[in-house]
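Before any comments, here is the structure.
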Amino acid sequence: MPAIIVLGAQWGDEGKGKATDLLTTTETIDYCVRTSGGHNAGHTIVVEGEKFATHLLPSSILTEGTTSVIANGVVVSPEALFREVDALEARGVPASERLVVSANAHVIASYHSTIDKVTERFLGKNKIGTTGRGIGPAYADKINRLGIRVADLFDEKILLAKVEAALDVRNHLLAKVYNRRAVEPESVVEELLSYVDRLRPMVIDASLLLNRALDEQRTVLFEGAQATMLDVDHGTYPFVTSSNAVAGGVCTGAGVGPTRIDRVIGVIKAYTTRVGSGPFPTELLDADGERLWRVGGEVGVSTGRDRRCGWYDAVVARYASRVNGLTDLFLTKLDVLSSWEQVPVCVAYEIDGVRHDEMPMTQTEFHHATPVYEHLDGWSEDISGCRSFADLPKNAQAYVLALEEMSGTRIWGVGVGPGREQTLVVHD
Ligand code: GDP
Ligand code: IMO
Ligand code: MG
């Protein structure tokens with residue numbers, strides 16, 4: 001199985017870190033690749049009770065023998081990169097030895113996060129609820145052809161010229177619209193140059209590396225960040241991130257053709273969460289929502305914000321199956337649902353009195369969608385110790401199989417706890 005994609009099927013935080021870690025430790029994965037987003041991600045891995053969180057780095061950074069790759073589609077803050085590397089090295093993980101970075105990845109400089117934060121403040125009640133990490137402004141510069149790429153850091157003259165060009169526009173915005181002090185290009189260049197010596201040995205042509213690896217039948221795992229419903233094209237625009245988190249984004253973000261992908265695994269929670277603003281039809285603002293939040297420990301890994309919680313949405317699951325061409329689902333956090341007498345699952349939406357079995361065509365309709373629920377029988381047993389599908393109580397098995405049927409994609413595995421070993425295989 002040479003090329004596998006793992007991606008989020010909902011609004012993020014589905015357990016992609018756990019799924020990636022599981023695959024990198026149970027199969028031989030030669031390369032694990034981040035292809036989009038930046039340090040807005042927060043992926044949790046729990047190894048023998050010890051918790052790690054990765055942000056910009058692939059979760060494989062914990063695994064010996066796997067090369068972790070940051071590909072061209074990622075936006076890289078050198079400051080965040082080395083902060084994460086240093087924190088892992090302080091815990092005994094030789095992160096810099098395992099990591100390579102694409103020369104063509106775009107750079108997040110400090111002015112990008114400044115602009116991200118002031119833009120959000122300016123938007124007021126219409127804010128997106130971004131992570132404030134400069135992701136949107138860095139991608140905007142990329143599309144506006146005013147971006148700085150990793151390779152630019154190795155030529156001081158080019159770097160200064162590019163930073164000046166980018167700030168020429170941005171400083172007008174900062175000073176005249178947002179009433180902030182203009183940023184000095186020289187100080188940005190000085191800061192970026194301070195990372196060059198550490199960065200240089202890591203920089204490679206990621207597309208060449210990965211295509212050669214696939215030619216040699218090596219196994220490459222692409223670890224998605226963010227998720228389908230946060231994708232800039234296919235998510236709940238404008239309440240999305242600024243990159244393509246769907247399977248197609250992996251190909252552009254890595255320089256690997258779609259014909260090379262063998263398997264696309266969508267990670268999906270047994271219920272739903274979302275961080276930041278935007279529509280969320282199955283959101284619960286009652287005691288059930290509070291209980292999902294508490295039992296599920298639904299607090300953001302990157303920003304510490306509380307996640308909004310709601311029931312499983314099979315319309316979202318079918319949509320994710322379709323736009324990503326999913327071959328499998330990995331269902332996480334089934335254990336959180338133990339002890340509800342009945343578990344509602346959204347099977348369709350009602351919009352202005354009309355039933356919609358598929359995602360409505362327009363954002364306005366989606367804003368008005370109310371869930372049509374089917375109530376499945378719950379179970380009261382603690383399932384966190386189950387190690388095979390047959391160990392699950394009958395109603396939990398039936399819940400998984402019902403979700404599989406409704407979602408249109410087979411469920412390969414089920415998570416019953418945060419630990420690597422707390423996983424059941426449904427279909428091998
Ligand atoms: P990611 O961004 O998709 O990697 O997900 P996050 O790490 O942001 O959030 C997922 C959270 O759920 C983390 O705290 C994980 O440790 C935890 N988790 C993952 N799978 C399971 C599971 O099957 N059961 C439980 N209880 N927790 C899980
Ligand atoms: P992982 O990889 C959940 C959300 C933010 C905000 C929107 C835009 O851990 O699943 P941005 O800073 O990207 O411009 O913010 O996207 N968001 C995430 N939500 N999980 C993530 O990553 C997210 N990355 C961004 O909360 O609503
Ligand atoms: Mg996360």
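Ordering of the structure tokens sets the chain letters (A, B, ...); residue numbers start at 1 within each chain; ligands are numbered from 1 in the order shown.
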Contact residues around stretch 303-313 of chain A with only C-alpha atoms at 6 Å, ignoring same-chain residues under 4 positions, as a short mmCIF file (atom, residue, chain, number, x, y, z; two decimals) with N, CA and C atoms, in the first residue's frame:
data_model
loop_
_atom_site.label_atom_id
_atom_site.label_comp_id
_atom_site.auth_asym_id
_atom_site.auth_seq_id
_atom_site.Cartn_x
_atom_site.Cartn_y
_atom_site.Cartn_z
N ALA A 270 -17.34 9.92 16.51
CA ALA A 270 -18.65 9.28 16.67
C ALA A 270 -19.73 10.32 17.00
N TYR A 271 -19.30 11.58 17.21
CA TYR A 271 -20.20 12.74 17.32
C TYR A 271 -19.51 13.86 16.56
N THR A 272 -19.85 15.11 16.77
CA THR A 272 -19.23 16.18 15.98
C THR A 272 -18.73 17.30 16.88
N THR A 273 -17.60 17.91 16.50
CA THR A 273 -17.16 19.13 17.20
C THR A 273 -16.71 20.16 16.17
N ARG A 274 -16.67 21.39 16.62
CA ARG A 274 -16.20 22.48 15.76
C ARG A 274 -15.60 23.57 16.66
N VAL A 275 -14.49 24.18 16.24
CA VAL A 275 -13.91 25.33 16.96
C VAL A 275 -14.04 26.56 16.06
N THR A 282 -25.90 20.21 13.84
CA THR A 282 -26.23 19.32 14.96
C THR A 282 -25.69 19.84 16.30
N GLU A 283 -25.26 21.11 16.33
CA GLU A 283 -24.70 21.65 17.58
C GLU A 283 -25.73 21.56 18.72
N LEU A 284 -25.25 21.20 19.90
CA LEU A 284 -26.11 21.10 21.08
C LEU A 284 -25.73 22.19 22.07
N GLY A 289 -24.86 18.57 25.12
CA GLY A 289 -23.67 19.21 24.54
C GLY A 289 -22.59 19.38 25.60
N GLU A 298 -13.27 18.13 25.23
CA GLU A 298 -13.23 18.87 23.97
C GLU A 298 -12.71 20.30 24.12
N VAL A 299 -11.40 20.38 24.34
CA VAL A 299 -10.71 21.67 24.44
C VAL A 299 -9.59 21.66 23.40
N VAL A 345 -28.71 10.52 15.72
CA VAL A 345 -27.79 10.67 14.59
C VAL A 345 -28.53 11.43 13.50
N CYS A 346 -27.90 12.46 12.96
CA CYS A 346 -28.55 13.26 11.92
C CYS A 346 -28.43 12.53 10.58
#
Next item on the list: Counting only C-alpha atoms and all ligand atoms, name the residues that have an atom within 7 Å of an atom of ligand 3; the answer should be given as JSON, numbers by chain.
Entry: {"A": [12, 13, 41, 42, 43, 44, 300, 301]}
Notebook entry, point to check: So which residues touch A:Glu358 within 8 Å, counting only C-alpha atoms, skipping near sequence neighbours fewer than 2 positions away, as a PyMOL selection string?
Noted result: chain A and resi 315+318-319+348+356+360
For the residues in the current selection, export C-alpha atoms as an mmCIF file, in the first residue's frame.
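Output below, filename part.cif:
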data_model
loop_
_atom_site.group_PDB
_atom_site.id
_atom_site.type_symbol
_atom_site.label_atom_id
_atom_site.label_comp_id
_atom_site.auth_asym_id
_atom_site.auth_seq_id
_atom_site.Cartn_x
_atom_site.Cartn_y
_atom_site.Cartn_z
ATOM 1 C CA VAL A 315 -24.910 14.197 5.760
ATOM 2 C CA ARG A 318 -21.538 11.325 3.017
ATOM 3 C CA TYR A 319 -20.319 14.678 1.718
ATOM 4 C CA ALA A 348 -30.805 14.444 6.677
ATOM 5 C CA HIS A 356 -32.376 17.330 2.045
ATOM 6 C CA PRO A 360 -27.483 21.806 0.319
#
Next item on the list: Would you mind listing what lies within 12 Å of A:Pro258 as a list in words, with only C-alpha atoms counted and same-chain residues fewer than 2 positions away left out?
Entry: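 The filter keeps Ala3, Ile4, Ile5, Asn211, Ala247, Gly248, Gly249, Val250, Cys251, Thr252, Gly253, Ala254, Gly255, Val256, Arg260, Ile261, Asp262, Arg263, Val264, Asn324 and Gly325 of chain A.
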Note to self: Hey, which residues sit close to ligand 2? Say within 9 Å, counting only C-alpha atoms and all ligand atoms, and write them as a PyMOL selection string.
What the structure shows: chain A and resi 7-8+10-17+37-44+54-55+116+128-137+224-227+230-231+238-243+273-278+300-303+305+307
Margin query: Which of stretch 116-153 of chain A end up as helix (DSSP H, G or I) when DSSP is run on this backbone - answer as a list in words?
Written below: Asp116, Lys117, Val118, Thr119, Glu120, Arg121, Phe122, Leu123, Gly124, Lys125, Asn126, Ile135, Gly136, Pro137, Ala138, Tyr139, Ala140, Asp141, Lys142, Ile143, Val150, Ala151, Asp152 and Leu153 of chain A
Write out the residues from the selection above, keeping C-alpha atoms, as a compact mmCIF listing (two decimals), in the first residue's frame.
# COMPACT_ATOMS: atom_id res chain seq x y z
CA ASP A 116 -4.52 37.80 11.17
CA LYS A 117 -5.29 39.14 14.66
CA VAL A 118 -6.10 42.72 13.67
CA THR A 119 -8.33 41.52 10.82
CA GLU A 120 -10.30 39.37 13.25
CA ARG A 121 -10.67 42.30 15.64
CA PHE A 122 -11.84 44.49 12.76
CA LEU A 123 -14.45 41.90 11.70
CA GLY A 124 -16.01 42.01 15.19
CA LYS A 125 -19.07 39.76 15.40
CA ASN A 126 -18.40 38.53 11.85
CA ILE A 135 -2.33 31.23 8.18
CA GLY A 136 -4.83 33.24 6.09
CA PRO A 137 -2.54 36.23 5.44
CA ALA A 138 0.36 33.92 4.46
CA TYR A 139 -1.83 32.04 1.95
CA ALA A 140 -3.22 35.38 0.71
CA ASP A 141 0.35 36.55 0.01
CA LYS A 142 1.04 33.27 -1.79
CA ILE A 143 -1.98 33.70 -4.07
CA VAL A 150 11.76 28.79 2.25
CA ALA A 151 14.35 28.91 -0.57
CA ASP A 152 14.24 32.72 -0.48
CA LEU A 153 15.78 32.67 3.00
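Within stretch 48-259 of chain A, residues classed as strand (DSSP E or B) by DSSP on backbone coordinates are Glu50, Lys51, Phe52, Ala53, Thr54, Thr67, Ser68, Val69, Ile70, Val74, Val75, Val76, Leu99, Val100, Val101, Ser102, His106, Val107, Arg149, Val203, Ile204, Val220, Leu221, Phe222 and Glu223 of chain A.
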Using only C-alpha atoms, please write the residues we just selected to a file, as a PDB file, in the first residue's frame.
ATOM      1  CA  GLU A  50       2.433   9.979  27.688  1.00  0.00           C
ATOM      2  CA  LYS A  51       0.777  12.758  25.729  1.00  0.00           C
ATOM      3  CA  PHE A  52       2.389  14.618  22.815  1.00  0.00           C
ATOM      4  CA  ALA A  53       0.890  17.349  20.634  1.00  0.00           C
ATOM      5  CA  THR A  54       2.172  18.187  17.170  1.00  0.00           C
ATOM      6  CA  THR A  67      11.110  10.611   7.645  1.00  0.00           C
ATOM      7  CA  SER A  68       8.751  13.494   8.427  1.00  0.00           C
ATOM      8  CA  VAL A  69       8.206  15.816   5.481  1.00  0.00           C
ATOM      9  CA  ILE A  70       6.804  19.351   5.374  1.00  0.00           C
ATOM     10  CA  VAL A  74       2.333  24.020   4.009  1.00  0.00           C
ATOM     11  CA  VAL A  75       2.864  27.532   5.396  1.00  0.00           C
ATOM     12  CA  VAL A  76       5.890  27.423   7.693  1.00  0.00           C
ATOM     13  CA  LEU A  99      12.593  16.190   9.488  1.00  0.00           C
ATOM     14  CA  VAL A 100      12.870  17.628   5.968  1.00  0.00           C
ATOM     15  CA  VAL A 101      11.219  20.792   4.625  1.00  0.00           C
ATOM     16  CA  SER A 102      10.303  21.698   1.046  1.00  0.00           C
ATOM     17  CA  HIS A 106       5.763  29.454   1.980  1.00  0.00           C
ATOM     18  CA  VAL A 107       6.961  31.249   5.094  1.00  0.00           C
ATOM     19  CA  ARG A 149       9.342  30.824   0.169  1.00  0.00           C
ATOM     20  CA  VAL A 203      15.629  21.793   3.002  1.00  0.00           C
ATOM     21  CA  ILE A 204      14.873  19.481   0.060  1.00  0.00           C
ATOM     22  CA  VAL A 220       4.161   7.329   2.012  1.00  0.00           C
ATOM     23  CA  LEU A 221       1.498   8.532   4.421  1.00  0.00           C
ATOM     24  CA  PHE A 222      -0.021  11.980   3.958  1.00  0.00           C
ATOM     25  CA  GLU A 223      -1.270  13.366   7.270  1.00  0.00           C
TER      26      GLU A 223
END
Checklist line | Two-atom distance - atom CA of A:Ser96, atom CA of A:Leu22 (Å) | finding: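 That distance, rounded to one decimal, is 21.7 Å.
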Checklist line | Nearest to ligand 1, chosen from A:Asn72, A:Asn179, A:Thr332, A:Gln397, with only C-alpha atoms and all ligand atoms counted in the distances | finding: A:Thr332
Notebook entry, point to check: A:Cys386: which residues within 8 Å, counting only C-alpha atoms, same-chain residues fewer than 6 positions away excluded, as a PyMOL selection string?
Noted result: chain A and resi 392+416+422+424
Go ahead and save the residues from that selection, with C-alpha atoms, as a CSV table (one decimal), in the first residue's frame.
chain,number,residue,atom,x,y,z
A,392,LEU,CA,-18.3,-4.2,22.0
A,416,VAL,CA,-12.3,3.6,22.1
A,422,GLN,CA,-7.3,1.6,22.2
A,424,LEU,CA,-10.6,-2.0,17.2
Note to self: Using only C-alpha atoms, can you tell me which of A:Thr114, A:Thr35, A:Gln363, A:Gln342 comes closest to A:His375?
What the structure shows: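 Selected residue with least distance to A:His375: A:Gln342.
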Check: Got a sec: who's within 12 Å of A:Glu164, counting only C-alpha atoms, leaving out chain neighbours fewer than 4 positions off, as a VMD selection string?
Finding: chain A and resid 146 to 148 157 to 160 168 to 171 182 to 189
Check: Which residue, A:Arg181, A:His112, A:Arg291, A:Arg34, has the smallest gap to A:Gly73 when you use only C-alpha atoms?
Finding: A:Arg34
Note to self: Residues within 12 Å of A:Gln217, please, as a list in words. Count only C-alpha atoms; anything in the same chain fewer than 4 positions from it doesn't count.
What the structure shows: Met1, Pro2, Ala3, Thr28, Ile29, Asp30, Tyr31, Leu210, Asn211, Arg212, Ala213 and Arg260 of chain A
Margin query: Taking only C-alpha atoms and all ligand atoms into account, name the residue in A:Thr370, A:Thr364, A:Ser338, A:Ser113 that is nearest to ligand 1.
Written below: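 Among the listed residues, the smallest separation from ligand 1 belongs to A:Ser338.
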